[in-house]
Amino acid sequence: MKRFYILVWAALAAMTVVAQPPVQMLDKAVASLKAAGTVTANYKVTSGQGVSQGTIVLSGNKFRLVSNDMKTWYDGTTQWTYSRATDEVNITTPSAADLQMLNPYAAAQGFKTNFNMWKAAGQIPGCYAIMLMPKSKSDIKQLWLYIANGSGLLQNAHFKMASGETFTITLSGYKTHQNLPSSTFSFDASMVPAGTEVVDLR
């Protein structure tokens with residue numbers, strides 16, 4: 001399920017014209033995100049399994065995800081993932097399919113290609129709602145995105161899975177044009193327990 005957390009990154013950017021069709025809004029979101037430079041935000045994922053929360057940093061096709069149970073770095077070529085459950089770091093070179101689940105720009109293209117979108121009746125006051133449904137069989141049955149009318153930022157994403165499970169992602173504390181070094185997106189051994197095994201799976 002954790003792999004679906006990153007799908008919502010495609011809508012992290014400011015969306016300035018809410019009257020446009022959802023597909024065009026998604027395009028504008030990605031363009032705005034690119035123009036925002038390095039972006040940081042806080043997130044919280046609530047599901048039947050509990051609550052997971054952390055921070056994300058995004059710059060172009062690079063990203064870093066830090067939560068209470070995993071840490072992921074991607075420098076545009078190589079990905080490092082630390083899991084507290086396995087207590088090891090795995091090094092991989094993500095495939096195009098992997099990046100569609102992990103990279104916000106690839107995820108946006110996946111939305112456009114694989115999902116139908118509609119403007120939905122908003123259930124969160126002050127937010128513009130978009131409902132997405134897959135065009136073919138998918139682990140995701142339905143997805144709702146809620147964008148704040150004032151700031152134009154994604155506030156909430158609600159997933160309904162084919163398995164019947166649901167989970168909600170809440171985003172807050174956006175900061176754009178952050179001045180962070182490129183090393184932010186490469187594995188940092190100081191962020192994992194000393195002696196953690198690193199397994200190169202490339």
# chains A, B, ... in the order shown; residues from 1 in each chain; ligands from 1

$ residues_around --residues "A:Ser136" --least-positions-apart "2" --cutoff "12 Å" --atoms "only C-alpha atoms" --output "MDAnalysis selection string"
chainID A and resid 113:116 133:134 138:142 162

$ residues_around --residues "stretch 43-60 of chain A" --least-positions-apart "4" --cutoff "9 Å" --atoms "only C-alpha atoms" --output "list in words"
Tyr5, Trp9, Leu33, Lys34, Ala36, Gly37, Thr38, Val39, Arg64, Leu65, Val66, Ser67, Asn68, Asp69, Gly76, Pro104, Tyr105, Glu165, Thr166, Phe167, Thr168, Ile169, Thr170, Leu171, Ser172, Gly173, Thr184 and Phe185 of chain A

$ write_last_selection --atoms "C-alpha atoms" --output "PDB file, in the first residue's frame"
ATOM      1  CA  TYR A   5       1.338   7.200  -1.218  1.00  0.00           C
ATOM      2  CA  TRP A   9       2.575  13.993  -5.557  1.00  0.00           C
ATOM      3  CA  LEU A  33       5.273  22.129  -9.470  1.00  0.00           C
ATOM      4  CA  LYS A  34       8.214  22.271 -11.868  1.00  0.00           C
ATOM      5  CA  ALA A  36       8.169  25.936  -7.814  1.00  0.00           C
ATOM      6  CA  GLY A  37      11.749  24.646  -7.614  1.00  0.00           C
ATOM      7  CA  THR A  38      12.493  22.473  -4.612  1.00  0.00           C
ATOM      8  CA  VAL A  39       9.284  21.847  -2.648  1.00  0.00           C
ATOM      9  CA  ARG A  64      13.187  12.219  -0.796  1.00  0.00           C
ATOM     10  CA  LEU A  65      10.526  10.643   1.401  1.00  0.00           C
ATOM     11  CA  VAL A  66      11.019  10.333   5.167  1.00  0.00           C
ATOM     12  CA  SER A  67       8.349   8.692   7.338  1.00  0.00           C
ATOM     13  CA  ASN A  68       8.234   6.854  10.631  1.00  0.00           C
ATOM     14  CA  ASP A  69       8.663   3.471   8.939  1.00  0.00           C
ATOM     15  CA  GLY A  76      17.110  10.849 -10.853  1.00  0.00           C
ATOM     16  CA  PRO A 104       5.150  12.625  -9.481  1.00  0.00           C
ATOM     17  CA  TYR A 105       5.588  13.523 -13.153  1.00  0.00           C
ATOM     18  CA  GLU A 165      -9.456  -0.942   1.977  1.00  0.00           C
ATOM     19  CA  THR A 166      -9.469   2.837   2.175  1.00  0.00           C
ATOM     20  CA  PHE A 167      -6.844   5.362   3.196  1.00  0.00           C
ATOM     21  CA  THR A 168      -6.552   9.118   3.281  1.00  0.00           C
ATOM     22  CA  ILE A 169      -3.534  11.361   2.739  1.00  0.00           C
ATOM     23  CA  THR A 170      -3.469  14.850   4.225  1.00  0.00           C
ATOM     24  CA  LEU A 171      -0.833  17.372   3.095  1.00  0.00           C
ATOM     25  CA  SER A 172       0.224  20.562   4.861  1.00  0.00           C
ATOM     26  CA  GLY A 173       3.089  22.964   5.499  1.00  0.00           C
ATOM     27  CA  THR A 184      19.413  15.792  -0.269  1.00  0.00           C
ATOM     28  CA  PHE A 185      18.352  13.220  -2.844  1.00  0.00           C
TER      29      PHE A 185
END

$ select_by_dssp --residues "stretch 90-197 of chain A" --states "strand (DSSP E or B)" --output "tab-separated table (two decimals) with C-alpha atoms, in the first residue's frame"
chain	number	residue	atom	x	y	z
A	90	ASN	CA	18.04	-1.56	-0.82
A	91	ILE	CA	19.67	0.11	-3.83
A	92	THR	CA	17.77	-0.16	-7.11
A	115	PHE	CA	-7.88	7.07	-15.32
A	116	ASN	CA	-11.04	8.94	-16.22
A	117	MET	CA	-11.53	12.19	-14.27
A	118	TRP	CA	-14.56	14.24	-13.29
A	119	LYS	CA	-15.20	17.33	-11.21
A	120	ALA	CA	-16.87	15.88	-8.11
A	127	CYS	CA	-11.99	22.62	-1.59
A	128	TYR	CA	-12.46	21.74	-5.26
A	129	ALA	CA	-12.91	17.97	-5.69
A	130	ILE	CA	-11.83	15.67	-8.52
A	131	MET	CA	-12.88	12.03	-8.74
A	132	LEU	CA	-10.76	9.53	-10.71
A	133	MET	CA	-11.68	6.00	-11.76
A	134	PRO	CA	-9.41	3.54	-13.62
A	140	ILE	CA	-7.25	1.53	-7.07
A	141	LYS	CA	-11.03	1.48	-7.43
A	142	GLN	CA	-11.66	5.19	-6.90
A	143	LEU	CA	-9.59	8.24	-5.95
A	144	TRP	CA	-10.69	11.70	-4.81
A	145	LEU	CA	-8.40	14.74	-4.78
A	146	TYR	CA	-9.34	17.87	-2.81
A	147	ILE	CA	-7.68	21.17	-3.74
A	148	ALA	CA	-8.04	24.30	-1.58
A	154	LEU	CA	-3.80	19.75	-2.65
A	155	GLN	CA	-5.10	19.31	0.89
A	156	ASN	CA	-6.44	15.77	0.90
A	157	ALA	CA	-6.52	12.59	-1.21
A	158	HIS	CA	-8.85	9.69	-0.46
A	159	PHE	CA	-8.21	6.25	-1.96
A	160	LYS	CA	-10.70	3.39	-2.21
A	161	MET	CA	-8.90	0.20	-3.16
A	166	THR	CA	-9.47	2.84	2.18
A	167	PHE	CA	-6.84	5.36	3.20
A	168	THR	CA	-6.55	9.12	3.28
A	169	ILE	CA	-3.53	11.36	2.74
A	170	THR	CA	-3.47	14.85	4.22
A	171	LEU	CA	-0.83	17.37	3.10
A	172	SER	CA	0.22	20.56	4.86
A	173	GLY	CA	3.09	22.96	5.50
A	174	TYR	CA	4.06	23.59	1.89
A	175	LYS	CA	7.31	25.46	1.22
A	197	GLU	CA	23.12	-3.39	5.89

$ select_by_dssp --residues "stretch 67-191 of chain A" --states "alpha helix (DSSP H)" --output "JSON list (two decimals) with N, CA and C atoms, in the first residue's frame"
[["chain", "number", "residue", "atom", "x", "y", "z"],
["A", 96, "ALA", "N", 10.59, 2.07, -15.60],
["A", 96, "ALA", "CA", 9.58, 3.07, -15.96],
["A", 96, "ALA", "C", 8.29, 2.83, -15.19],
["A", 97, "ALA", "N", 7.92, 1.55, -15.02],
["A", 97, "ALA", "CA", 6.71, 1.22, -14.27],
["A", 97, "ALA", "C", 6.85, 1.61, -12.81],
["A", 98, "ASP", "N", 8.03, 1.37, -12.23],
["A", 98, "ASP", "CA", 8.26, 1.75, -10.84],
["A", 98, "ASP", "C", 8.12, 3.26, -10.67],
["A", 99, "LEU", "N", 8.71, 4.00, -11.60],
["A", 99, "LEU", "CA", 8.69, 5.46, -11.49],
["A", 99, "LEU", "C", 7.28, 6.01, -11.64],
["A", 100, "GLN", "N", 6.41, 5.31, -12.34],
["A", 100, "GLN", "CA", 5.04, 5.77, -12.47],
["A", 100, "GLN", "C", 4.33, 5.72, -11.12],
["A", 101, "MET", "N", 4.84, 4.86, -10.22],
["A", 101, "MET", "CA", 4.29, 4.79, -8.88],
["A", 101, "MET", "C", 5.02, 5.72, -7.92],
["A", 102, "LEU", "N", 6.25, 6.09, -8.25],
["A", 102, "LEU", "CA", 7.08, 6.83, -7.30],
["A", 102, "LEU", "C", 7.36, 8.27, -7.70],
["A", 104, "PRO", "N", 6.40, 11.88, -9.28],
["A", 104, "PRO", "CA", 5.15, 12.62, -9.48],
["A", 104, "PRO", "C", 4.83, 12.94, -10.93],
["A", 105, "TYR", "N", 5.85, 13.21, -11.76],
["A", 105, "TYR", "CA", 5.59, 13.52, -13.15],
["A", 105, "TYR", "C", 5.13, 12.27, -13.92],
["A", 106, "ALA", "N", 5.78, 11.15, -13.64],
["A", 106, "ALA", "CA", 5.35, 9.90, -14.26],
["A", 106, "ALA", "C", 3.96, 9.50, -13.75],
["A", 107, "ALA", "N", 3.69, 9.76, -12.47],
["A", 107, "ALA", "CA", 2.37, 9.45, -11.91],
["A", 107, "ALA", "C", 1.29, 10.27, -12.59],
["A", 108, "ALA", "N", 1.59, 11.54, -12.86],
["A", 108, "ALA", "CA", 0.62, 12.41, -13.54],
["A", 108, "ALA", "C", 0.28, 11.85, -14.91],
["A", 109, "GLN", "N", 1.29, 11.39, -15.64],
["A", 109, "GLN", "CA", 1.05, 10.80, -16.95],
["A", 109, "GLN", "C", 0.22, 9.53, -16.81],
["A", 110, "GLY", "N", 0.47, 8.77, -15.75],
["A", 110, "GLY", "CA", -0.32, 7.57, -15.49],
["A", 110, "GLY", "C", -1.77, 7.90, -15.23],
["A", 111, "PHE", "N", -2.02, 8.97, -14.47],
["A", 111, "PHE", "CA", -3.39, 9.42, -14.24],
["A", 111, "PHE", "C", -4.08, 9.72, -15.57],
["A", 112, "LYS", "N", -3.41, 10.50, -16.41],
["A", 112, "LYS", "CA", -4.00, 10.93, -17.68],
["A", 112, "LYS", "C", -4.27, 9.75, -18.60],
["A", 113, "THR", "N", -3.36, 8.77, -18.57],
["A", 113, "THR", "CA", -3.48, 7.63, -19.48],
["A", 113, "THR", "C", -4.45, 6.58, -18.97],
["A", 114, "ASN", "N", -4.43, 6.32, -17.68],
["A", 114, "ASN", "CA", -5.11, 5.15, -17.13],
["A", 114, "ASN", "C", -6.39, 5.44, -16.35]]

$ atom_distance --atom1 "atom CA of A:Ser95" --atom2 "atom CA of A:Asp188"
22.5 Å

$ atom_distance --atom1 "atom CA of A:Ser183" --atom2 "atom CA of A:Asn61"
14.1 Å
